[in-house]
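Report on the following structure.
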Amino acid sequence: MDTLTIAVIVGFLVITAFLGWLGWKQTKTTGDYLLAGRKTHPVIMAISYGSTFISTSAIVGFGGAASKFGMGILWLVFLNILVGIFIAFIVFGKATRRMGHALDAHTFPELIAKRFDSRFLQIGCGLVIFLGMPLYAGAVLLGGATYLVQSLAITRELAILILVILVTAYVMFGGMKGVMYTDAFQGGIMFLGMVILLVVTYTTLGGVQVAHDRLAHLPAELSGSSKALVDGWTKDGFTGWMSMPVFGSPMWMQLVSTIILGVGIGVLAQPQLIVRFMTVKSDRELNRGVAIGGLFIFTVTGVAYVCGALSNVWFWDLGKVVSIAGTVTAATPKGNPDAVIPNFIMTSMPWFNAIFMVTLLAAAMSTMSSQVHTMGTSLGRDVIETGTRFRAKKGNWVVRIAMLAGIGLSALLAWYLPVFFGKDGSAVIATGTSLFFGLCASTFLPLFTFGLFWKGATKQGAVWGFSAGLGVSIVWLLFFSGKVAGGLGLCGLLFGVPTLAGTGWVKDLDPIIVATPIGFLVTWLVSLATWRKVS
Amino acid sequence: MLGFQDAGALLGFLLTIASALGCVIYGVVNWNKPAPEEETKEIREEQEWEDHDPDRSPKERK
């Protein structure tokens, strides 16, 4: 590591620590917190949202996936903005803020439990979050670690350890509140870093039109190992980087059902983002947040995906291999999409390495601080304290221990995910993230939506809808999903086939497509059936 | 158009830009809504909610 890189990283960490201390010092009382908040510039408030939502998973993981799926993945940016910002803020955010305050709820499971008067739901939601979120937090860790591995030439285990130590120190020191300044600082770095990346990429490739044309005609130019790789994709439905895969093909199903819909819709039911709506002081903040948040997501994710796809042209010009073909190793014979963005930055703009590393550290830390807080409160407060009716008298040490357990589980998954999914050239980070987003959509979205907007939703409806969404998701993952069931092997052990879904397109369906409608239907029907008894 | 080879990918690209613009326009138009008196009420609600947050020690909840 050169002196400049060390200086930039140390500078970043010192500024983060200073801003964290400043925020903490200024917010001793509720009044301080709110008054300081009223004076805080709305841009700071909104960028803090964006930097929590978007992480290394989006930049490294989905950016890398774009080098395989091409520009069709821009549909995810569209959904991220339309659903993740506009609908989430205006429709869900405002209603969540009101209901959270009216019911005096401080975590997502608590909001659900108070709305439906159900301890079962609080414990159930808490458990799903604590056990499921490490998939997402692990993916975020892996995104940061993949870059460190390549730029510092260290092992993956060491890279994960470095990130875990940084995030743990950060979260334990900062907590959830008073981190608005650090979030905004980190978000600002992400924004600037990505703008530079976009400008340099298009300039290097000869401008927007030329770069797009080159990418469009690249499949016809290919030869050697890259041609063999892309021919393999073509059998799965690949038609080029500037067009969508063949409708209904395995690649189309993965792109649309898992990546675009899974993450695009699942964002509405993300506990760590829902909590943010409850900590906003007025609807005005949400209105302002739409403008800044929309622009932030557009820049950060849009740039990562566009550059991921365009990196193919750069690598082809450099060494006559496309992005993913350049990442083939003994451990990943079909290439590793997660390594594409780090490779691209380091070979095309080595001078940008230090800034990009800090951009990724910022992206990982701003997202993980709220993930770890959410995992900690889910296990600590919603499961242990509510389940056993035990309350820690002094401080919230139960939550802190639960946070450590959550970080540990996430680190374990960050190490294990590539071992499990990486063999067939999958985009591991994007897959881990999508699985968690899908799980949230199918288990939480029906009762959350009905709970907010329909007075007729009953406790029984919510309990059955939650159980149905969760049950169908788990059964689908274990026995029908070609990717997960085939990898886990339980289905093969019990039934002698890798998946019960056969060899057609059904095995490529993401659980979100099957389980979410069932969750909505069950919540609605059971609520209708039990409405009179309750009232 | 712009090198895109099918309507699906092009539409994704255009909708992405349109949605970002839509968000900016919505945010700017509603920058100061709701009105200050409504906001005061909302801030009072927020303060009451914050006062019950178990994450904060009694000393912090002044």
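Chain lettering (A, B, ...) mirrors the order of the structure tokens, residue numbering begins at 1 for each chain separately, and ligand numbering begins at 1 in order of display.
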Residues of chain A no more than 8 Å from chain B, counting only C-alpha atoms: send them over as a ChimeraX atom specification. /A:28-31,34,71-75,77-78,81-82,86,101,104,106,208-209,212-213,216,242-244,279-284,287-292,294-295,298,395-396
For Ala515 of chain A, find every residue with an atom within 12 Å (counting only C-alpha atoms), except residues of its own chain fewer than 5 positions away, and show them as an NGL selection string. :A and (262 or 438-446 or 465-477 or 509-510 or 520-522)
Which residue of A:Val246, A:Leu198, A:Leu404, A:Leu447 approaches Ile345 of chain A most closely, using only C-alpha atoms: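 For Ile345 of chain A, the nearest of the given residues is A:Leu198.
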Please list as a list in words every residue within 8 Å of segment 126-129 of chain A, counting only C-alpha atoms and excluding residues in the same chain fewer than 6 positions away.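 Final neighbour list, sorted by chain and number: Pro109, Pro271, Thr374, Met375, Ser378, Leu379, Asp382 and Val383 of chain A.
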Could you dump the residues just selected with N, CA and C atoms as an mmCIF file, in the first residue's frame?
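In the end it all went to selection26.cif:
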data_model
loop_
_atom_site.group_PDB
_atom_site.id
_atom_site.type_symbol
_atom_site.label_atom_id
_atom_site.label_comp_id
_atom_site.auth_asym_id
_atom_site.auth_seq_id
_atom_site.Cartn_x
_atom_site.Cartn_y
_atom_site.Cartn_z
ATOM 1 N N PRO A 109 -40.189 -4.692 14.297
ATOM 2 C CA PRO A 109 -41.035 -5.737 14.902
ATOM 3 C C PRO A 109 -41.980 -5.168 15.955
ATOM 4 N N PRO A 271 -36.356 -3.563 7.312
ATOM 5 C CA PRO A 271 -36.535 -3.031 8.671
ATOM 6 C C PRO A 271 -35.626 -1.844 8.977
ATOM 7 N N THR A 374 -29.934 -2.850 13.705
ATOM 8 C CA THR A 374 -31.210 -3.547 13.513
ATOM 9 C C THR A 374 -31.122 -5.004 13.971
ATOM 10 N N MET A 375 -30.005 -5.672 13.649
ATOM 11 C CA MET A 375 -29.861 -7.063 14.101
ATOM 12 C C MET A 375 -29.814 -7.116 15.626
ATOM 13 N N SER A 378 -33.232 -6.410 17.118
ATOM 14 C CA SER A 378 -34.160 -7.503 16.805
ATOM 15 C C SER A 378 -33.963 -8.669 17.756
ATOM 16 N N LEU A 379 -32.693 -9.100 17.924
ATOM 17 C CA LEU A 379 -32.447 -10.232 18.822
ATOM 18 C C LEU A 379 -32.582 -9.772 20.277
ATOM 19 N N ASP A 382 -36.461 -7.432 20.638
ATOM 20 C CA ASP A 382 -37.691 -8.064 20.140
ATOM 21 C C ASP A 382 -37.770 -9.557 20.467
ATOM 22 N N VAL A 383 -36.642 -10.255 20.421
ATOM 23 C CA VAL A 383 -36.706 -11.696 20.691
ATOM 24 C C VAL A 383 -36.444 -11.975 22.171
#
From a backbone DSSP assignment, name each residue in segment 304-350 of chain A labelled helix (DSSP H, G or I), as number ranges by chain. A: 304-319, 324-327, 337-348, 350
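Of note, atom CA of Thr359 of chain A and atom CA of Gly406 of chain A are spaced 24.0 Å apart.
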